[in-house]
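J.: Sending over coords.txt (compact mmCIF, C-alpha atoms and all ligand atoms).
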```
# COMPACT_ATOMS: atom_id res chain seq x y z
CA MET W 56 -19.86 14.88 30.77
CA ILE W 57 -23.11 16.50 31.83
CA GLU W 58 -26.38 14.70 31.16
CA LEU W 59 -28.75 16.83 29.13
CA GLU W 60 -32.50 16.46 29.32
CA ARG W 61 -34.09 14.65 26.39
CA LYS W 62 -36.27 16.73 24.11
CA PRO W 63 -39.79 15.30 23.89
CA LEU W 64 -40.70 13.33 20.77
CA THR W 65 -43.19 15.24 18.67
CA GLU W 66 -45.32 14.07 15.73
CA MET W 67 -46.18 16.68 13.15
CA VAL W 68 -47.96 16.97 9.84
CA ALA W 69 -46.38 19.97 8.19
CA PRO W 70 -46.64 21.66 4.79
CA VAL W 71 -43.66 22.57 2.64
CA VAL W 72 -43.66 26.38 2.39
CA GLU W 73 -40.46 26.90 0.44
CA VAL W 74 -38.11 24.85 -1.72
CA ILE W 75 -34.54 26.14 -1.98
CA GLU W 76 -32.28 24.82 -4.76
CA GLU W 77 -28.92 24.52 -3.01
CA THR W 78 -26.95 22.73 -5.76
CA PRO W 79 -27.90 20.79 -8.92
CA THR W 80 -28.47 17.70 -6.73
CA THR W 81 -29.51 19.16 -3.40
CA ARG W 82 -32.60 20.93 -2.16
CA THR W 83 -33.71 22.37 1.12
CA LEU W 84 -37.36 21.81 2.03
CA VAL W 85 -38.73 24.35 4.46
CA PHE W 86 -41.70 23.18 6.56
CA ASP W 87 -44.12 25.39 8.46
CA ILE W 88 -44.23 23.93 11.98
CA SER W 89 -45.80 26.98 13.65
CA GLY W 90 -48.69 24.84 14.92
CA TYR W 91 -46.35 22.69 17.02
CA ASP W 92 -44.18 23.09 20.06
CA PHE W 93 -41.13 21.38 18.58
CA ASP W 94 -37.73 21.60 20.22
CA PHE W 95 -34.41 19.88 19.53
CA TYR W 96 -30.69 20.18 20.02
CA PRO W 97 -28.65 21.34 17.04
CA GLY W 98 -27.32 18.22 15.28
CA GLN W 99 -30.38 16.00 15.84
CA TYR W 100 -32.53 14.46 13.10
CA VAL W 101 -36.15 13.69 12.30
CA MET W 102 -37.87 10.77 10.59
CA LEU W 103 -39.83 11.75 7.50
CA LYS W 104 -42.58 9.61 5.96
CA VAL W 105 -42.39 9.78 2.19
CA PRO W 106 -45.28 8.32 0.17
CA TYR W 107 -43.78 6.55 -2.84
CA PRO W 108 -46.39 6.26 -5.63
CA PRO W 109 -44.52 3.77 -7.89
CA THR W 110 -44.99 1.00 -5.31
CA GLY W 111 -47.56 2.50 -2.96
CA GLU W 112 -45.03 2.18 -0.11
CA GLU W 113 -44.63 4.71 2.65
CA LEU W 114 -40.89 5.16 3.03
CA ARG W 115 -39.39 6.27 6.32
CA ARG W 116 -36.09 8.12 6.10
CA ALA W 117 -33.86 9.98 8.56
CA TYR W 118 -32.98 13.60 7.77
CA SER W 119 -30.84 15.84 9.91
CA ILE W 120 -32.36 19.18 10.83
CA ALA W 121 -30.56 21.98 9.01
CA SER W 122 -32.22 24.90 10.76
CA SER W 123 -31.41 26.18 14.24
CA PRO W 124 -33.64 25.29 17.21
CA LEU W 125 -34.14 29.03 17.61
CA SER W 126 -36.08 29.05 14.34
CA LYS W 127 -39.36 28.04 15.96
CA ASN W 128 -41.74 28.21 12.97
CA ARG W 129 -39.60 26.91 10.13
CA LEU W 130 -37.99 23.49 10.06
CA GLU W 131 -35.46 22.99 7.29
CA LEU W 132 -34.29 19.66 5.85
CA THR W 133 -31.64 19.50 3.14
CA VAL W 134 -31.80 16.45 0.91
CA LYS W 135 -29.16 15.31 -1.54
CA ARG W 136 -30.31 13.19 -4.46
CA MET W 137 -28.76 9.72 -4.50
CA GLU W 138 -28.88 8.20 -7.96
CA GLY W 139 -31.12 5.16 -7.83
CA GLY W 140 -32.50 6.18 -4.45
CA LYS W 141 -36.24 6.31 -3.81
CA ALA W 142 -37.00 9.01 -1.22
CA SER W 143 -34.17 11.37 -2.08
CA VAL W 144 -35.04 11.37 -5.79
CA LEU W 145 -38.68 12.06 -5.04
CA LEU W 146 -37.91 14.80 -2.50
CA THR W 147 -35.47 16.57 -4.83
CA THR W 148 -37.50 16.33 -8.02
CA GLN W 149 -41.23 16.00 -7.26
CA THR W 150 -41.88 17.65 -3.92
CA LYS W 151 -43.42 21.12 -4.17
CA VAL W 152 -44.75 23.91 -1.99
CA GLY W 153 -48.04 22.84 -0.38
CA ASP W 154 -47.15 19.13 -0.07
CA ARG W 155 -47.64 17.89 3.49
CA PHE W 156 -45.42 15.41 5.29
CA PHE W 157 -45.52 13.42 8.50
CA ILE W 158 -42.43 14.29 10.55
CA LYS W 159 -41.42 12.77 13.89
CA GLY W 160 -38.52 13.68 16.14
CA PRO W 161 -36.15 14.78 17.36
CA TYR W 162 -33.79 11.77 17.46
CA GLY W 163 -30.12 11.20 18.03
CA LYS W 164 -27.22 11.82 20.35
CA PHE W 165 -25.19 13.69 17.75
CA PHE W 166 -25.74 17.19 19.05
CA TRP W 167 -23.92 20.11 20.55
CA THR W 168 -24.92 22.79 23.05
CA GLU W 169 -22.89 25.47 24.78
CA ASP W 170 -23.12 23.45 28.01
CA MET W 171 -20.94 20.77 26.42
CA SER W 172 -17.91 22.75 25.25
CA GLN W 173 -16.74 26.19 24.20
CA LYS W 174 -14.62 24.84 21.35
CA VAL W 175 -16.05 22.71 18.61
CA VAL W 176 -14.64 21.24 15.42
CA LEU W 177 -17.07 20.09 12.75
CA LEU W 178 -15.88 17.75 9.99
CA GLY W 179 -18.29 16.94 7.17
CA ALA W 180 -18.49 15.50 3.68
CA GLY W 181 -21.25 16.39 1.20
CA SER W 182 -24.70 16.34 2.79
CA GLY W 183 -22.94 15.55 6.07
CA VAL W 184 -22.72 19.32 6.43
CA VAL W 185 -26.43 19.49 7.31
CA PRO W 186 -26.40 18.89 11.11
CA LEU W 187 -23.13 20.84 11.34
CA MET W 188 -24.91 23.80 9.74
CA SER W 189 -27.61 23.62 12.40
CA ILE W 190 -24.87 23.89 15.04
CA LEU W 191 -23.26 26.90 13.31
CA ARG W 192 -26.60 28.65 12.81
CA TYR W 193 -27.41 28.11 16.48
CA ILE W 194 -24.05 29.57 17.58
CA ARG W 195 -24.62 32.59 15.31
CA ASP W 196 -28.29 33.17 16.17
CA LYS W 197 -27.77 32.81 19.91
CA GLY W 198 -24.83 35.23 19.75
CA LEU W 199 -22.46 32.71 21.36
CA SER W 200 -19.41 34.81 20.47
CA GLN W 201 -17.27 33.10 23.12
CA VAL W 202 -17.64 29.75 21.36
CA GLU W 203 -14.90 28.94 18.85
CA ALA W 204 -16.14 26.85 15.94
CA THR W 205 -14.17 25.34 13.08
CA LEU W 206 -15.88 23.72 10.10
CA LEU W 207 -13.86 21.68 7.62
CA VAL W 208 -16.11 20.35 4.90
CA SER W 209 -15.46 18.52 1.64
CA TYR W 210 -17.58 18.61 -1.48
CA THR W 211 -16.95 17.01 -4.87
CA SER W 212 -16.99 20.28 -6.85
CA TYR W 213 -17.66 24.01 -6.57
CA GLU W 214 -21.19 23.53 -7.98
CA GLU W 215 -21.91 20.99 -5.24
CA ILE W 216 -21.07 23.30 -2.33
CA ILE W 217 -24.16 23.20 -0.15
CA TYR W 218 -24.90 26.53 1.68
CA ARG W 219 -22.02 28.30 -0.15
CA ARG W 220 -23.20 31.89 0.37
CA GLU W 221 -24.16 31.39 3.99
CA LEU W 222 -20.86 29.67 4.75
CA GLU W 223 -19.05 32.67 3.25
CA GLU W 224 -21.04 34.98 5.52
CA LEU W 225 -20.45 32.81 8.59
CA SER W 226 -16.71 32.76 7.92
CA LYS W 227 -16.63 36.53 8.48
CA LEU W 228 -17.60 36.05 12.14
CA PRO W 229 -14.51 36.30 14.36
CA ASN W 230 -15.32 33.09 16.23
CA MET W 231 -15.83 30.93 13.15
CA ASN W 232 -13.18 29.31 11.01
CA ILE W 233 -14.78 27.80 7.92
CA LYS W 234 -12.78 25.94 5.30
CA ILE W 235 -14.01 24.10 2.24
CA THR W 236 -12.09 21.49 0.28
CA LEU W 237 -13.05 20.25 -3.20
CA THR W 238 -12.29 16.61 -3.93
CA ARG W 239 -12.95 16.05 -7.64
CA SER W 240 -12.76 19.34 -9.49
CA ALA W 241 -12.11 22.98 -8.61
CA PRO W 242 -12.28 26.22 -10.60
CA GLU W 243 -8.86 27.57 -11.62
CA ASP W 244 -9.15 30.52 -9.27
CA TRP W 245 -10.30 28.36 -6.31
CA LYS W 246 -8.56 29.61 -3.17
CA GLY W 247 -9.67 26.88 -0.80
CA TYR W 248 -8.26 23.43 -0.17
CA ARG W 249 -8.27 20.59 -2.68
CA GLY W 250 -8.55 16.87 -1.97
CA ARG W 251 -9.96 14.98 0.98
CA ILE W 252 -9.72 16.31 4.51
CA ASN W 253 -6.35 15.20 5.82
CA LYS W 254 -4.01 15.47 8.76
CA ASP W 255 -2.23 18.57 7.45
CA MET W 256 -5.51 20.46 7.05
CA ILE W 257 -6.58 19.57 10.56
CA LEU W 258 -3.23 20.57 12.04
CA ALA W 259 -3.32 23.86 10.10
CA GLU W 260 -6.88 24.77 11.08
CA VAL W 261 -7.27 23.45 14.61
CA PRO W 262 -4.99 24.77 17.33
CA ARG W 263 -4.81 22.83 20.61
CA LEU W 264 -6.45 19.70 19.27
CA GLU W 265 -7.25 18.19 22.67
CA GLU W 266 -9.37 21.15 23.83
CA ASN W 267 -12.14 20.61 21.27
CA LEU W 268 -15.23 18.48 20.89
CA TYR W 269 -15.34 16.90 17.41
CA TYR W 270 -18.42 16.19 15.28
CA LEU W 271 -17.96 13.99 12.22
CA CYS W 272 -20.78 13.50 9.71
CA GLY W 273 -21.03 11.97 6.25
CA PRO W 274 -20.75 8.59 4.54
CA PRO W 275 -19.59 5.76 6.87
CA LYS W 276 -16.12 5.53 5.28
CA PHE W 277 -15.53 9.26 5.70
CA VAL W 278 -16.58 9.17 9.35
CA GLU W 279 -14.38 6.14 10.10
CA ASP W 280 -11.35 7.67 8.33
CA MET W 281 -11.71 10.97 10.18
CA LYS W 282 -12.13 9.24 13.51
CA GLU W 283 -9.01 7.19 12.99
CA LEU W 284 -7.10 10.31 11.94
CA LEU W 285 -8.17 12.21 15.06
CA LEU W 286 -7.38 9.30 17.37
CA GLY W 287 -3.96 9.10 15.70
CA LEU W 288 -3.44 12.77 16.52
CA GLY W 289 -4.12 12.08 20.17
CA VAL W 290 -7.72 13.32 20.44
CA PRO W 291 -9.45 11.37 23.24
CA LYS W 292 -12.24 9.17 21.91
CA GLU W 293 -14.76 10.70 24.36
CA ASN W 294 -14.27 13.99 22.48
CA ILE W 295 -15.41 12.54 19.15
CA LYS W 296 -19.07 12.29 18.12
CA THR W 297 -20.14 10.66 14.89
CA GLU W 298 -23.17 10.43 12.62
CA LYS W 299 -23.08 8.08 9.64
CA TYR W 300 -25.39 8.51 6.66
CA GLY W 301 -26.13 5.18 5.04
C1 LIG J 401 -29.19 9.99 11.08
C2 LIG J 401 -29.26 10.21 9.59
C3 LIG J 401 -29.41 11.50 9.10
C4 LIG J 401 -29.46 11.72 7.72
N1 LIG J 401 -29.57 13.01 7.26
C5 LIG J 401 -29.56 13.25 5.92
C6 LIG J 401 -29.61 14.60 5.44
O1 LIG J 401 -29.66 15.58 6.20
N2 LIG J 401 -29.62 14.77 4.09
C7 LIG J 401 -29.56 13.71 3.20
O2 LIG J 401 -29.59 13.96 2.00
N3 LIG J 401 -29.51 12.44 3.66
C8 LIG J 401 -29.52 12.17 4.99
N4 LIG J 401 -29.49 10.87 5.45
C9 LIG J 401 -29.62 9.76 4.46
C10 LIG J 401 -31.12 9.49 4.20
O3 LIG J 401 -31.73 8.97 5.36
C11 LIG J 401 -31.38 8.49 3.06
O4 LIG J 401 -30.65 7.32 3.33
C12 LIG J 401 -30.99 9.03 1.70
O5 LIG J 401 -31.77 10.19 1.39
C13 LIG J 401 -31.22 7.97 0.61
O6 LIG J 401 -32.56 7.54 0.65
P1 LIG J 401 -33.28 6.99 -0.67
O7 LIG J 401 -34.63 6.50 -0.31
O8 LIG J 401 -33.20 8.01 -1.78
O9 LIG J 401 -32.32 5.85 -1.09
P2 LIG J 401 -32.64 4.27 -1.06
O10 LIG J 401 -33.75 3.99 -2.00
O11 LIG J 401 -32.79 3.85 0.36
O12 LIG J 401 -31.26 3.77 -1.66
C14 LIG J 401 -30.03 4.11 -1.02
C15 LIG J 401 -28.86 3.84 -1.96
O13 LIG J 401 -28.83 2.48 -2.26
C16 LIG J 401 -28.85 2.30 -3.64
N5 LIG J 401 -29.71 1.19 -3.92
C17 LIG J 401 -31.05 1.13 -3.72
N6 LIG J 401 -31.51 -0.08 -4.09
C18 LIG J 401 -30.44 -0.78 -4.52
C19 LIG J 401 -30.25 -2.08 -5.02
N7 LIG J 401 -31.28 -2.93 -5.17
N8 LIG J 401 -29.00 -2.46 -5.36
C20 LIG J 401 -27.95 -1.64 -5.22
N9 LIG J 401 -28.08 -0.40 -4.75
C21 LIG J 401 -29.29 0.02 -4.42
C22 LIG J 401 -29.39 3.55 -4.26
O14 LIG J 401 -28.84 3.77 -5.55
C23 LIG J 401 -28.95 4.58 -3.30
O15 LIG J 401 -27.67 5.05 -3.66
C24 LIG J 401 -29.40 10.63 6.81
C25 LIG J 401 -29.27 9.33 7.31
C26 LIG J 401 -29.18 9.11 8.68
C27 LIG J 401 -29.04 7.70 9.18
```
Would you mind giving the structure from this file in C-alpha cells?
Ligand SMILES: Cc1cc2nc3c(=O)[nH]c(=O)nc-3n(C[C@H](O)[C@H](O)[C@H](O)COP(=O)(O)OP(=O)(O)OC[C@H]3O[C@@H](n4cnc5c(N)ncnc54)[C@H](O)[C@@H]3O)c2cc1C

T.:
Amino acid sequence: MIELERKPLTEMVAPVVEVIEETPTTRTLVFDISGYDFDFYPGQYVMLKVPYPPTGEELRRAYSIASSPLSKNRLELTVKRMEGGKASVLLTTQTKVGDRFFIKGPYGKFFWTEDMSQKVVLLGAGSGVVPLMSILRYIRDKGLSQVEATLLVSYTSYEEIIYRRELEELSKLPNMNIKITLTRSAPEDWKGYRGRINKDMILAEVPRLEENLYYLCGPPKFVEDMKELLLGLGVPKENIKTEKYG
C-alpha cells in the first residue's frame, strides 16, 4: 500500500457557529476554523478540550471529523450523548453558539483517499457513522464519480438515524449504495433492513467482496464482530480498517 504524507498537527481555538440537532440524543457542532490552515484525511479525528464545571476538570475527548476536508472554513463534529457521560452530556445539552473550544488534530490512521482504492465499503453503528460520513461527503464534493462507495449503517430506531436527510440525498448518486438497518424498533412502513448488520446484508449489498477496502467504526464489540464476519467471508485482513469508540 502507498505511504501517504502525514497531515501536520494543528492547534486551534475555534468558536461554535452553529448547532444542528441531528436526533434526540445527537448534535453536530459546527466550528469556524477560517483563521487556520487545517487539513486532514477523511476519517481522521481531533482531540477536543471540554471544560467541565462540576469538577473544574478539563476533559480531553476524541471526536471524528464529520465534515469533508474540502470544507475549509467549517469543521463539524457530531456528538452522541452517552447517559452518565461527562463530555458528551455537556456538549449535547449545554454547548451553544459562541462557545470557544481548544481543538487539536488531525489524528488517526483510519482514513480513506482516492489514492488508496476505487471501491470502498463503510460499516458503521450509531455515532460510528461520523468518520464514514466525512468519507462520503469528500467523495461527493470532489466529484469522484468513478469511486464506488457502499455504506451499511445500523441505528437503534428511526428517530436515531443520524444524517437521515443527507444520506437519502447521497443514495441518489449513481456511485453510492447506502443502506440503513434499524436494530430495536422500526416504523411499520420502514423499507430498509431490520436487525444488526449480518452476512446476508453484506453479501446482498457488496459485489466482489475482495475488491474493496473496508472501514468499520462503532462500539468495540460491533467492530470486532464485523471484522470477524468479513474475515470469514474471505476478505484479506489488510483490506480492513477499524476505529473503535470507547
Ligand atoms: C477515535 C475516536 C473517535 C471518536 N469519535 C466520536 C464521535 O465522532 N462522536 C461521538 O459521539 N463519540 C466519539 N468518540 C467517543 C468519545 O471520545 C467519548 O468517549 C464519548 O463522547 C463519551 O465521553 P463522555 O465524557 O461523555 O463519557 P465518559 O464520562 O468518559 O463516560 C463514558 C461511559 O462510561 C460510563 N461511565 C462513566 N463513569 C462511570 C463509572 N464510574 N462507572 C460506570 N460507568 C461509567 C458513562 O455512563 C459513559 O457511558 C470517539 C472515540 C474515539 C476513541

J.: For stretch 126-138 of chain W, list every protein, DNA or RNA residue within 7 Å, evaluated using all atoms listed in the file, and leave out those in the same chain fewer than 5 positions away; present the list as number ranges by chain.

T.: W: 80-89, 118-121, 143-144, 147, 182, 185

J.: Quick one, how far is atom CA of W:Asn253 from atom CA of W:Tyr300?

T.: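 Those two atoms sit 20.2 Å apart.
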
J.: Using all atoms listed in the file, which of W:Arg219, W:Lys227, W:Arg249, W:Lys164 sits nearest ligand LIG 401 (chain J)?

T.: W:Lys164

J.: Between atom CA of W:Thr236 and atom CA of W:Leu206, measure the distance and give it in Å to one decimal.

T.: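 Atom-to-atom, atom CA of W:Thr236 to atom CA of W:Leu206, that is 10.8 Å.
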
J.: Interatomic distance between atom CA of W:Pro275 and atom C3 of ligand LIG 401 (chain J)?

T.: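 Spanning atom CA of W:Pro275 to atom C3 of ligand LIG 401 (chain J) is a straight-line distance of 11.6 Å.
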
J.: If we count all atoms listed in the file, what is near W:Gly247 at a cut-off of 12 Å, once residues fewer than 5 positions away on the same chain are taken out, given as a PyMOL selection string?

T.: chain W and resi 207-210+212-213+223+233-238+240-242+252+256

J.: Considering only C-alpha atoms, state which residue in the set W:Gln99, W:Ser123, W:Thr78, W:Gln149 is at the smallest distance from W:Thr211.

T.: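 Result for the nearest residue to W:Thr211: W:Thr78.
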
J.: Using all atoms listed in the file, can you tell me which of W:Tyr96, W:Gly140, W:Lys174, W:Thr150 comes closest to W:Tyr193?

T.: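 Comparing W:Tyr96, W:Gly140, W:Lys174, W:Thr150 against W:Tyr193, the winner is W:Tyr96.
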
J.: From the list W:Tyr270, W:Trp245, W:Phe157, W:Tyr218, which residue is nearest W:Glu298 when using all atoms listed in the file?

T.: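 Among the listed residues, W:Tyr270 lies closest to W:Glu298.
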
J.: Which one of W:Ser226, W:Ser189, W:Thr65, W:Gln173 sits closest to ligand LIG 401 (chain J) if you count only C-alpha atoms and all ligand atoms?

T.: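 When distances to ligand LIG 401 (chain J) are compared using only C-alpha atoms and all ligand atoms, the smallest one comes from W:Ser189.
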
J.: Looking at W:Ile217, W:Leu59, W:Val202, W:Ile194, which one is nearest to ligand LIG 401 (chain J), with distances taken over all atoms listed in the file?

T.: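 Counting all atoms listed in the file, the residue closest to ligand LIG 401 (chain J) is W:Ile217.
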
J.: Pull the neighbourhood of (-12.8, 17.4, 13.5) for me: all residues within 7 Å in file coordinates, counting only C-alpha atoms, as a tab-separated table (two decimals) with C-alpha atoms, in the frame of the given file.

T.:
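What landed in point23.tsv:
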```
chain	number	residue	atom	x	y	z
W	176	VAL	CA	-14.64	21.24	15.42
W	177	LEU	CA	-17.07	20.09	12.75
W	178	LEU	CA	-15.88	17.75	9.99
W	269	TYR	CA	-15.34	16.90	17.41
W	270	TYR	CA	-18.42	16.19	15.28
W	271	LEU	CA	-17.96	13.99	12.22
```

J.: Centre and edge lengths, as AutoDock Vina command-line options, for the axis-aligned box enclosing every listed atom of stretch 58-73 of chain W with 3 Å of padding on each of the six sides, in Å to one decimal?

T.:
```
--center_x -37.2 --center_y 20.1 --center_z 15.8 --size_x 27.6 --size_y 19.6 --size_z 36.7
```

J.: Find the residues with any atom within 9 Å of (-5.2, 14.1, 17.2); use all atoms listed in the file and the coordinates as given in the file, and write the answer as a list of chain:residue names.

T.: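 Counting all atoms listed in the file, I find these residues within 9 Å of (-5.2, 14.1, 17.2): W:Lys254, W:Ile257, W:Leu258, W:Leu264, W:Glu265, W:Glu283, W:Leu284, W:Leu285, W:Leu286, W:Gly287, W:Leu288, W:Gly289, W:Val290, W:Pro291.
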